[in-house]
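Chemist: Encoded as C-alpha cells, here's the structure I'll be asking about.
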Amino acid sequence: MKTIVVASQKGGSGKTTLAAHLAVTIERGGGGPAVLFDLDPQATLSGWWNQRQAETPACAAAASLTALPDKLAELAEAGFAWAVIDTPPAIGATNRLAIAVADLVVIPTRASPHDLNALGSTLEIVHAESKPFVFVLNSAKPGTAIATQAAALLSEHGPVCPALIGDRVMYASSMSDGRSIAELDPTGKGATELDELFEFVKSRFPEFKKVKVKQYA
Ligand SMILES: Nc1ncnc2c1ncn2[C@@H]1O[C@H](COP(=O)(O)OP(=O)(O)OP(=O)(O)O)[C@@H](O)[C@H]1O
Ligand SMILES: [Mg+2]
C-alpha cells in the first residue's frame, strides 16, 4: 500500500479537497481500493465522506495518532492499494507523525506570494523526515503570469505537478454533497486535471514508471 499524505501548514490551500478528489480519482481509474484518513479536528473530509452515497473510497480512523502506523499496516494487509491522509493546517505532532508514515507528501498551494511564502515550515518537516514530496498548484488559472511564475519558483524547491488544478466553483458544491467534480462532470477539464494529478503521483513511485516495451518485427 502506498501512503499519500496531503500536508501544508497554510489554511485553505486545498488539502481536504485534493485528498478527497485524489482518493475518488484512484477508485475511478481502477487503481483502488483506496482508504482515506482525516487527521484534521475540523473533520471536513469526514463530513464529505459521511455525505457520500458511493461505497468507495473507504474512510478509516486510527484509535490514536501513535496507532496510525499499525492501522496502516492492517489496511495494507487487508488489500488496500492506497491510503490518502488529510492533515490539519498546522505544524505540530499530528503533521509530523503523518509525514513520518508517508510514502509521498503532496503539498498543495495556491499561486499567491503569500501562500508560497508559507511553505517553508512544511518543507522543513518533509526534509527532516527525508520524504519524497510534490507540489500541486491548486485553484490556479493556467496560462496566467502568476501561475507560471509560481510553478517556476516551486520547481526550484522540488517537483511540481505539471497539471494545475483549476479554480472551479464545482469544487465547493462537490465538497458539500460528498462527490467529486469528476462525478459531477466526468468529461470536464477538471476531471482530466485530476487524472493527470494521479498519473503524476504514480510516476513518483518507481514501480509505476512507464517502461518502453521492445517491439519485434
Ligand atoms: N481548485 C479549487 N477551485 C475552487 N475552489 C477550491 C479549489 N480547491 C479548494 N477550493 C475551495 O477552497 C476552500 C478551502 O479548500 P480546502 O478545505 O480543501 O482547503 P484545506 O487546505 O483543507 O483547508 P484547511 O487548511 O482549513 O484544512 C474550500 O471552500 C474549497 O471548496
Ligand atoms: Mg482541510
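A note on labels: chains of the C-alpha cells are A, B, ... as shown, every chain counts residues from 1, and ligands are counted from 1 in their shown order.
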Check every protein, DNA and RNA residue against ligand 1, keep those with an atom at most 6 Å away (counting only C-alpha atoms and all ligand atoms), and present them as a ChimeraX atom specification.

Modeler: /A:10-17,88-89,138-139,165-169,171-172

Chemist: Go ahead and save the residues from that selection, with N, CA and C atoms, as a PDB file, in the first residue's frame.

Modeler:
ATOM      1  N   LYS A  10      -0.426  25.956   5.530  1.00  0.00           N
ATOM      2  CA  LYS A  10      -1.294  27.064   5.111  1.00  0.00           C
ATOM      3  C   LYS A  10      -2.761  26.631   5.080  1.00  0.00           C
ATOM      4  N   GLY A  11      -3.596  27.344   5.790  1.00  0.00           N
ATOM      5  CA  GLY A  11      -5.030  27.047   5.772  1.00  0.00           C
ATOM      6  C   GLY A  11      -5.623  27.336   4.404  1.00  0.00           C
ATOM      7  N   GLY A  12      -6.542  26.492   3.998  1.00  0.00           N
ATOM      8  CA  GLY A  12      -7.293  26.746   2.767  1.00  0.00           C
ATOM      9  C   GLY A  12      -6.533  26.520   1.480  1.00  0.00           C
ATOM     10  N   SER A  13      -5.412  25.806   1.551  1.00  0.00           N
ATOM     11  CA  SER A  13      -4.624  25.601   0.325  1.00  0.00           C
ATOM     12  C   SER A  13      -5.230  24.522  -0.572  1.00  0.00           C
ATOM     13  N   GLY A  14      -6.146  23.731  -0.014  1.00  0.00           N
ATOM     14  CA  GLY A  14      -6.812  22.697  -0.818  1.00  0.00           C
ATOM     15  C   GLY A  14      -6.496  21.275  -0.382  1.00  0.00           C
ATOM     16  N   LYS A  15      -5.969  21.110   0.827  1.00  0.00           N
ATOM     17  CA  LYS A  15      -5.596  19.767   1.311  1.00  0.00           C
ATOM     18  C   LYS A  15      -6.792  18.804   1.287  1.00  0.00           C
ATOM     19  N   THR A  16      -7.874  19.233   1.923  1.00  0.00           N
ATOM     20  CA  THR A  16      -9.036  18.336   2.039  1.00  0.00           C
ATOM     21  C   THR A  16      -9.654  18.069   0.670  1.00  0.00           C
ATOM     22  N   THR A  17      -9.768  19.103  -0.126  1.00  0.00           N
ATOM     23  CA  THR A  17     -10.335  18.961  -1.474  1.00  0.00           C
ATOM     24  C   THR A  17      -9.505  17.975  -2.284  1.00  0.00           C
ATOM     25  N   PRO A  88      -4.208  18.631   9.324  1.00  0.00           N
ATOM     26  CA  PRO A  88      -4.637  19.986   9.681  1.00  0.00           C
ATOM     27  C   PRO A  88      -3.655  21.058   9.197  1.00  0.00           C
ATOM     28  N   PRO A  89      -4.128  22.299   9.116  1.00  0.00           N
ATOM     29  CA  PRO A  89      -3.241  23.398   8.692  1.00  0.00           C
ATOM     30  C   PRO A  89      -2.382  23.876   9.855  1.00  0.00           C
ATOM     31  N   ASN A 138      -2.861  24.633  -6.767  1.00  0.00           N
ATOM     32  CA  ASN A 138      -4.312  24.450  -6.689  1.00  0.00           C
ATOM     33  C   ASN A 138      -5.025  25.777  -6.855  1.00  0.00           C
ATOM     34  N   SER A 139      -6.250  25.649  -7.370  1.00  0.00           N
ATOM     35  CA  SER A 139      -7.107  26.813  -7.580  1.00  0.00           C
ATOM     36  C   SER A 139      -6.383  27.840  -8.448  1.00  0.00           C
ATOM     37  N   ILE A 165      -4.336  22.400 -10.884  1.00  0.00           N
ATOM     38  CA  ILE A 165      -5.737  22.148 -10.538  1.00  0.00           C
ATOM     39  C   ILE A 165      -6.454  23.497 -10.618  1.00  0.00           C
ATOM     40  N   GLY A 166      -7.373  23.568 -11.557  1.00  0.00           N
ATOM     41  CA  GLY A 166      -8.007  24.860 -11.863  1.00  0.00           C
ATOM     42  C   GLY A 166      -8.916  25.362 -10.757  1.00  0.00           C
ATOM     43  N   ASP A 167      -9.154  26.650 -10.813  1.00  0.00           N
ATOM     44  CA  ASP A 167     -10.075  27.300  -9.890  1.00  0.00           C
ATOM     45  C   ASP A 167     -11.493  27.047 -10.419  1.00  0.00           C
ATOM     46  N   ARG A 168     -12.202  26.133  -9.781  1.00  0.00           N
ATOM     47  CA  ARG A 168     -13.522  25.726 -10.294  1.00  0.00           C
ATOM     48  C   ARG A 168     -14.554  25.773  -9.178  1.00  0.00           C
ATOM     49  N   VAL A 169     -15.646  26.488  -9.443  1.00  0.00           N
ATOM     50  CA  VAL A 169     -16.693  26.597  -8.416  1.00  0.00           C
ATOM     51  C   VAL A 169     -17.273  25.225  -8.070  1.00  0.00           C
ATOM     52  N   TYR A 171     -15.874  22.666  -7.204  1.00  0.00           N
ATOM     53  CA  TYR A 171     -15.223  22.036  -6.042  1.00  0.00           C
ATOM     54  C   TYR A 171     -16.032  22.288  -4.778  1.00  0.00           C
ATOM     55  N   ALA A 172     -16.560  23.506  -4.637  1.00  0.00           N
ATOM     56  CA  ALA A 172     -17.331  23.823  -3.430  1.00  0.00           C
ATOM     57  C   ALA A 172     -18.579  22.955  -3.363  1.00  0.00           C
TER      58      ALA A 172
END

Chemist: Neighbouring residues of ligand 2 are defined here as those with any atom at most 12 Å from a ligand atom, counting only C-alpha atoms and all ligand atoms; list them as a PyMOL selection string.

Modeler: chain A and resi 6-20+37-48+85-90+108+175

Chemist: Go ahead and write the residues just picked, C-alpha atoms, as a PDB file, in the first residue's frame.

Modeler:
ATOM      1  CA  VAL A   6      -1.610  15.794   1.877  1.00  0.00           C
ATOM      2  CA  ALA A   7       0.020  18.461   4.000  1.00  0.00           C
ATOM      3  CA  SER A   8       0.556  22.185   4.189  1.00  0.00           C
ATOM      4  CA  GLN A   9       0.636  24.496   7.124  1.00  0.00           C
ATOM      5  CA  LYS A  10      -1.294  27.064   5.111  1.00  0.00           C
ATOM      6  CA  GLY A  11      -5.030  27.047   5.772  1.00  0.00           C
ATOM      7  CA  GLY A  12      -7.293  26.746   2.767  1.00  0.00           C
ATOM      8  CA  SER A  13      -4.624  25.601   0.325  1.00  0.00           C
ATOM      9  CA  GLY A  14      -6.812  22.697  -0.818  1.00  0.00           C
ATOM     10  CA  LYS A  15      -5.596  19.767   1.311  1.00  0.00           C
ATOM     11  CA  THR A  16      -9.036  18.336   2.039  1.00  0.00           C
ATOM     12  CA  THR A  17     -10.335  18.961  -1.474  1.00  0.00           C
ATOM     13  CA  LEU A  18      -7.338  17.243  -3.035  1.00  0.00           C
ATOM     14  CA  ALA A  19      -7.333  14.343  -0.550  1.00  0.00           C
ATOM     15  CA  ALA A  20     -10.993  13.559  -1.329  1.00  0.00           C
ATOM     16  CA  PHE A  37      -7.862   9.211   6.852  1.00  0.00           C
ATOM     17  CA  ASP A  38      -8.983  12.518   8.297  1.00  0.00           C
ATOM     18  CA  LEU A  39      -6.450  13.700  10.867  1.00  0.00           C
ATOM     19  CA  ASP A  40      -7.843  17.235  10.997  1.00  0.00           C
ATOM     20  CA  PRO A  41     -10.037  18.077  14.021  1.00  0.00           C
ATOM     21  CA  GLN A  42     -12.056  20.329  11.665  1.00  0.00           C
ATOM     22  CA  ALA A  43     -13.279  16.968  10.243  1.00  0.00           C
ATOM     23  CA  THR A  44     -14.124  18.427   6.827  1.00  0.00           C
ATOM     24  CA  LEU A  45     -13.040  15.284   4.998  1.00  0.00           C
ATOM     25  CA  SER A  46     -15.076  13.017   7.299  1.00  0.00           C
ATOM     26  CA  GLY A  47     -18.059  15.312   6.763  1.00  0.00           C
ATOM     27  CA  TRP A  48     -17.665  14.985   2.997  1.00  0.00           C
ATOM     28  CA  ILE A  85      -4.280  11.157   4.626  1.00  0.00           C
ATOM     29  CA  ASP A  86      -5.628  14.675   5.147  1.00  0.00           C
ATOM     30  CA  THR A  87      -3.879  16.785   7.765  1.00  0.00           C
ATOM     31  CA  PRO A  88      -4.637  19.986   9.681  1.00  0.00           C
ATOM     32  CA  PRO A  89      -3.241  23.398   8.692  1.00  0.00           C
ATOM     33  CA  ALA A  90      -0.657  23.387  11.435  1.00  0.00           C
ATOM     34  CA  PRO A 108      -0.996  21.833  -2.365  1.00  0.00           C
ATOM     35  CA  MET A 175     -17.370  19.022  -1.232  1.00  0.00           C
TER      36      MET A 175
END

Chemist: Neighbouring residues of Glu193 (chain A) were defined as those with any atom within 10 Å, considering only C-alpha atoms; residues of the same chain fewer than 5 positions away were excluded. Please report them as a PyMOL selection string.

Modeler: chain A and resi 162-166+182+188+198-199

Chemist: How would the residues just picked look written out with C-alpha atoms as a short mmCIF file (atom, residue, chain, number, x, y, z; two decimals), in the first residue's frame?

Modeler:
data_model
loop_
_atom_site.label_atom_id
_atom_site.label_comp_id
_atom_site.auth_asym_id
_atom_site.auth_seq_id
_atom_site.Cartn_x
_atom_site.Cartn_y
_atom_site.Cartn_z
CA PRO A 162 2.59 19.58 -14.45
CA ALA A 163 -1.20 19.67 -14.27
CA LEU A 164 -2.53 22.72 -12.44
CA ILE A 165 -5.74 22.15 -10.54
CA GLY A 166 -8.01 24.86 -11.86
CA ALA A 182 -15.32 14.11 -11.88
CA GLY A 188 -14.87 18.06 -17.97
CA PHE A 198 -2.85 10.90 -10.14
CA GLU A 199 -0.64 9.93 -13.09
#

Chemist: Choose the residue, out of A:Glu27, A:Asp185, A:Asp115, A:Asp70, that has the smallest atom-to-atom separation from Ala58 (chain A); count only C-alpha atoms.

Modeler: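 Answer, going by the shortest atom-to-atom distance: A:Glu27.
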
Chemist: Find the residues around Pro57 (chain A) up to 7 Å (only C-alpha atoms counted), leave out those fewer than 3 positions away in its own chain, and share them as a PyMOL selection string.

Modeler: chain A and resi 23-24+27+33-36

Chemist: Could you go through region 35-202 of chain A and tell me which residues DSSP, when run on the backbone, assigns to helix (DSSP H, G or I), listing them as an NGL selection string?

Modeler: :A and (44-51 or 65-77 or 93-100 or 113-117 or 120-128 or 145-155 or 170-177 or 181-184 or 189-202)

Chemist: Produce a file of the selected residues containing C-alpha atoms, as a PDB file, in the first residue's frame.

Modeler:
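New file part21.pdb:
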ATOM      1  CA  THR A  44     -14.124  18.427   6.827  1.00  0.00           C
ATOM      2  CA  LEU A  45     -13.040  15.284   4.998  1.00  0.00           C
ATOM      3  CA  SER A  46     -15.076  13.017   7.299  1.00  0.00           C
ATOM      4  CA  GLY A  47     -18.059  15.312   6.763  1.00  0.00           C
ATOM      5  CA  TRP A  48     -17.665  14.985   2.997  1.00  0.00           C
ATOM      6  CA  TRP A  49     -17.325  11.217   3.266  1.00  0.00           C
ATOM      7  CA  ASN A  50     -20.396  10.922   5.515  1.00  0.00           C
ATOM      8  CA  GLN A  51     -22.435  12.737   2.846  1.00  0.00           C
ATOM      9  CA  LEU A  65      -2.055   9.083  16.464  1.00  0.00           C
ATOM     10  CA  THR A  66       0.547   6.635  17.652  1.00  0.00           C
ATOM     11  CA  ALA A  67      -1.664   3.767  16.435  1.00  0.00           C
ATOM     12  CA  LEU A  68      -1.598   5.158  12.885  1.00  0.00           C
ATOM     13  CA  PRO A  69       1.347   3.062  11.597  1.00  0.00           C
ATOM     14  CA  ASP A  70      -0.282  -0.165  12.870  1.00  0.00           C
ATOM     15  CA  LYS A  71      -3.639   0.817  11.373  1.00  0.00           C
ATOM     16  CA  LEU A  72      -1.971   1.451   8.017  1.00  0.00           C
ATOM     17  CA  ALA A  73      -0.231  -1.926   8.202  1.00  0.00           C
ATOM     18  CA  GLU A  74      -3.587  -3.570   8.931  1.00  0.00           C
ATOM     19  CA  LEU A  75      -5.216  -1.883   5.935  1.00  0.00           C
ATOM     20  CA  ALA A  76      -2.316  -2.852   3.693  1.00  0.00           C
ATOM     21  CA  GLU A  77      -2.771  -6.435   4.852  1.00  0.00           C
ATOM     22  CA  ALA A  93       2.613  16.403  16.356  1.00  0.00           C
ATOM     23  CA  THR A  94      -0.177  15.345  14.011  1.00  0.00           C
ATOM     24  CA  ASN A  95       1.540  16.605  10.891  1.00  0.00           C
ATOM     25  CA  ARG A  96       4.928  15.303  11.942  1.00  0.00           C
ATOM     26  CA  LEU A  97       3.505  11.854  12.610  1.00  0.00           C
ATOM     27  CA  ALA A  98       1.543  11.828   9.370  1.00  0.00           C
ATOM     28  CA  ILE A  99       4.546  12.898   7.324  1.00  0.00           C
ATOM     29  CA  ALA A 100       6.619  10.225   9.043  1.00  0.00           C
ATOM     30  CA  PRO A 113       3.263  35.008  -2.929  1.00  0.00           C
ATOM     31  CA  HIS A 114       1.606  34.871   0.490  1.00  0.00           C
ATOM     32  CA  ASP A 115       0.791  31.181   0.047  1.00  0.00           C
ATOM     33  CA  LEU A 116       4.192  30.325  -1.417  1.00  0.00           C
ATOM     34  CA  ASN A 117       5.989  32.046   1.464  1.00  0.00           C
ATOM     35  CA  GLY A 120       8.831  26.747   4.419  1.00  0.00           C
ATOM     36  CA  SER A 121       7.781  25.097   7.660  1.00  0.00           C
ATOM     37  CA  THR A 122       6.015  22.226   5.891  1.00  0.00           C
ATOM     38  CA  LEU A 123       9.099  21.647   3.774  1.00  0.00           C
ATOM     39  CA  GLU A 124      11.297  21.652   6.871  1.00  0.00           C
ATOM     40  CA  ILE A 125       9.415  18.655   8.301  1.00  0.00           C
ATOM     41  CA  VAL A 126       9.354  16.869   4.957  1.00  0.00           C
ATOM     42  CA  HIS A 127      13.120  17.306   4.608  1.00  0.00           C
ATOM     43  CA  ALA A 128      13.757  16.348   8.236  1.00  0.00           C
ATOM     44  CA  ALA A 145       1.655  35.018 -15.256  1.00  0.00           C
ATOM     45  CA  ILE A 146       1.090  34.332 -11.557  1.00  0.00           C
ATOM     46  CA  ALA A 147       0.603  30.584 -12.137  1.00  0.00           C
ATOM     47  CA  THR A 148       3.631  30.347 -14.436  1.00  0.00           C
ATOM     48  CA  GLN A 149       5.842  32.260 -12.003  1.00  0.00           C
ATOM     49  CA  ALA A 150       4.632  30.184  -9.062  1.00  0.00           C
ATOM     50  CA  ALA A 151       5.373  26.931 -10.913  1.00  0.00           C
ATOM     51  CA  ALA A 152       8.858  28.193 -11.800  1.00  0.00           C
ATOM     52  CA  LEU A 153       9.561  29.235  -8.226  1.00  0.00           C
ATOM     53  CA  LEU A 154       8.274  25.963  -6.767  1.00  0.00           C
ATOM     54  CA  SER A 155      10.344  23.922  -9.215  1.00  0.00           C
ATOM     55  CA  MET A 170     -17.744  22.962  -8.771  1.00  0.00           C
ATOM     56  CA  TYR A 171     -15.223  22.036  -6.042  1.00  0.00           C
ATOM     57  CA  ALA A 172     -17.331  23.823  -3.430  1.00  0.00           C
ATOM     58  CA  SER A 173     -20.526  22.012  -4.443  1.00  0.00           C
ATOM     59  CA  SER A 174     -18.788  18.658  -4.728  1.00  0.00           C
ATOM     60  CA  MET A 175     -17.370  19.022  -1.232  1.00  0.00           C
ATOM     61  CA  SER A 176     -20.782  19.814   0.207  1.00  0.00           C
ATOM     62  CA  ASP A 177     -22.556  16.807  -1.288  1.00  0.00           C
ATOM     63  CA  ILE A 181     -16.117  17.045  -9.570  1.00  0.00           C
ATOM     64  CA  ALA A 182     -15.323  14.115 -11.884  1.00  0.00           C
ATOM     65  CA  GLU A 183     -18.575  12.509 -10.752  1.00  0.00           C
ATOM     66  CA  LEU A 184     -20.467  15.755 -11.389  1.00  0.00           C
ATOM     67  CA  LYS A 189     -11.411  19.592 -17.870  1.00  0.00           C
ATOM     68  CA  GLY A 190     -11.416  19.306 -14.072  1.00  0.00           C
ATOM     69  CA  ALA A 191     -11.701  15.506 -14.290  1.00  0.00           C
ATOM     70  CA  THR A 192      -8.783  15.428 -16.732  1.00  0.00           C
ATOM     71  CA  GLU A 193      -6.640  17.543 -14.390  1.00  0.00           C
ATOM     72  CA  LEU A 194      -7.315  15.113 -11.553  1.00  0.00           C
ATOM     73  CA  ASP A 195      -6.411  12.114 -13.730  1.00  0.00           C
ATOM     74  CA  GLU A 196      -3.176  13.907 -14.637  1.00  0.00           C
ATOM     75  CA  LEU A 197      -2.503  14.600 -10.974  1.00  0.00           C
ATOM     76  CA  PHE A 198      -2.852  10.900 -10.140  1.00  0.00           C
ATOM     77  CA  GLU A 199      -0.639   9.926 -13.087  1.00  0.00           C
ATOM     78  CA  PHE A 200       1.998  12.321 -11.754  1.00  0.00           C
ATOM     79  CA  VAL A 201       1.651  10.926  -8.226  1.00  0.00           C
ATOM     80  CA  LYS A 202       2.087   7.406  -9.600  1.00  0.00           C
TER      81      LYS A 202
END

Chemist: Check chain A with DSSP on the backbone and list each residue it calls strand (DSSP E or B), as an NGL selection string.

Modeler: :A and (2-6 or 34-38 or 58-60 or 82-86 or 104-109 or 133-140 or 160 or 165-166)

Chemist: With N, CA and C atoms retained, write the just-selected residues as a tab-separated table (two decimals), in the first residue's frame.

Modeler:
chain	number	residue	atom	x	y	z
A	2	LYS	N	0.49	2.21	-0.82
A	2	LYS	CA	1.20	3.49	-0.87
A	2	LYS	C	0.43	4.51	-0.03
A	3	THR	N	1.15	5.23	0.80
A	3	THR	CA	0.50	6.22	1.65
A	3	THR	C	0.84	7.63	1.19
A	4	ILE	N	-0.21	8.35	0.79
A	4	ILE	CA	-0.06	9.74	0.36
A	4	ILE	C	-0.53	10.64	1.49
A	5	VAL	N	0.31	11.55	1.91
A	5	VAL	CA	-0.09	12.50	2.95
A	5	VAL	C	-0.21	13.88	2.31
A	6	VAL	N	-1.38	14.46	2.45
A	6	VAL	CA	-1.61	15.79	1.88
A	6	VAL	C	-1.39	16.79	3.01
A	34	ALA	N	-8.89	2.38	-2.29
A	34	ALA	CA	-8.23	3.47	-1.58
A	34	ALA	C	-8.96	3.71	-0.26
A	35	VAL	N	-8.19	4.16	0.71
A	35	VAL	CA	-8.79	4.47	2.02
A	35	VAL	C	-8.32	5.85	2.47
A	36	LEU	N	-9.27	6.62	2.97
A	36	LEU	CA	-8.97	7.98	3.44
A	36	LEU	C	-8.81	8.00	4.96
A	37	PHE	N	-7.97	8.91	5.42
A	37	PHE	CA	-7.86	9.21	6.85
A	37	PHE	C	-8.03	10.72	7.02
A	38	ASP	N	-8.81	11.09	7.99
A	38	ASP	CA	-8.98	12.52	8.30
A	38	ASP	C	-8.32	12.79	9.64
A	58	ALA	N	-12.95	4.04	0.87
A	58	ALA	CA	-13.24	3.80	2.28
A	58	ALA	C	-12.69	4.95	3.12
A	59	CYS	N	-13.13	5.01	4.36
A	59	CYS	CA	-12.58	6.00	5.29
A	59	CYS	C	-12.28	5.27	6.59
A	60	ALA	N	-11.09	5.47	7.12
A	60	ALA	CA	-10.69	4.74	8.33
A	60	ALA	C	-10.19	5.74	9.36
A	82	TRP	N	-3.97	2.11	-1.80
A	82	TRP	CA	-3.56	3.48	-1.49
A	82	TRP	C	-4.24	3.96	-0.22
A	83	ALA	N	-3.50	4.68	0.61
A	83	ALA	CA	-4.10	5.43	1.71
A	83	ALA	C	-3.84	6.90	1.43
A	84	VAL	N	-4.85	7.72	1.63
A	84	VAL	CA	-4.71	9.17	1.42
A	84	VAL	C	-5.07	9.85	2.73
A	85	ILE	N	-4.10	10.58	3.29
A	85	ILE	CA	-4.28	11.16	4.63
A	85	ILE	C	-4.37	12.68	4.54
A	86	ASP	N	-5.46	13.22	5.07
A	86	ASP	CA	-5.63	14.68	5.15
A	86	ASP	C	-5.13	15.15	6.51
A	104	LEU	N	4.71	9.40	0.07
A	104	LEU	CA	4.81	10.62	-0.74
A	104	LEU	C	3.97	11.70	-0.07
A	105	VAL	N	4.55	12.89	0.06
A	105	VAL	CA	3.80	14.02	0.61
A	105	VAL	C	3.37	14.91	-0.55
A	106	VAL	N	2.07	15.18	-0.61
A	106	VAL	CA	1.53	16.08	-1.63
A	106	VAL	C	1.29	17.42	-0.94
A	107	ILE	N	1.93	18.46	-1.46
A	107	ILE	CA	1.82	19.79	-0.85
A	107	ILE	C	1.05	20.71	-1.79
A	108	PRO	N	-0.25	20.92	-1.50
A	108	PRO	CA	-1.00	21.83	-2.36
A	108	PRO	C	-0.72	23.28	-1.98
A	109	THR	N	-0.69	24.13	-2.97
A	109	THR	CA	-0.53	25.56	-2.67
A	109	THR	C	-1.24	26.39	-3.72
A	133	PHE	N	8.34	14.29	-2.00
A	133	PHE	CA	7.18	15.18	-1.99
A	133	PHE	C	6.97	15.77	-3.38
A	134	VAL	N	5.76	16.27	-3.57
A	134	VAL	CA	5.46	17.03	-4.80
A	134	VAL	C	4.63	18.24	-4.43
A	135	PHE	N	4.78	19.29	-5.21
A	135	PHE	CA	3.91	20.46	-5.08
A	135	PHE	C	2.78	20.34	-6.09
A	136	VAL	N	1.60	20.80	-5.69
A	136	VAL	CA	0.48	20.88	-6.63
A	136	VAL	C	-0.09	22.29	-6.56
A	137	LEU	N	-0.09	22.97	-7.68
A	137	LEU	CA	-0.69	24.32	-7.71
A	137	LEU	C	-2.19	24.16	-7.80
A	138	ASN	N	-2.86	24.63	-6.77
A	138	ASN	CA	-4.31	24.45	-6.69
A	138	ASN	C	-5.03	25.78	-6.85
A	139	SER	N	-6.25	25.65	-7.37
A	139	SER	CA	-7.11	26.81	-7.58
A	139	SER	C	-6.38	27.84	-8.45
A	140	ALA	N	-5.74	27.32	-9.46
A	140	ALA	CA	-4.88	28.16	-10.31
A	140	ALA	C	-5.58	28.46	-11.63
A	160	VAL	N	7.10	19.69	-9.30
A	160	VAL	CA	5.78	20.34	-9.37
A	160	VAL	C	4.91	19.54	-10.33
A	165	ILE	N	-4.34	22.40	-10.88
A	165	ILE	CA	-5.74	22.15	-10.54
A	165	ILE	C	-6.45	23.50	-10.62
A	166	GLY	N	-7.37	23.57	-11.56
A	166	GLY	CA	-8.01	24.86	-11.86
A	166	GLY	C	-8.92	25.36	-10.76

Chemist: Please compute the CA of Val101 (chain A)-CA of Lys209 (chain A) distance, one decimal, in Å.

Modeler: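 Result for CA of Val101 (chain A) versus CA of Lys209 (chain A): 22.1 Å, one decimal.
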
Chemist: Between A:Glu207, A:Ser180, A:Lys214, A:Ala78, which one has atoms that come closest to Ala54 (chain A), using only C-alpha atoms?

Modeler: A:Ser180

Chemist: Figure out the distance between CA of Ala111 (chain A) and CA of Cys161 (chain A), please, to one decimal in Å.

Modeler: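 Distance between the two atoms: 13.2 Å.
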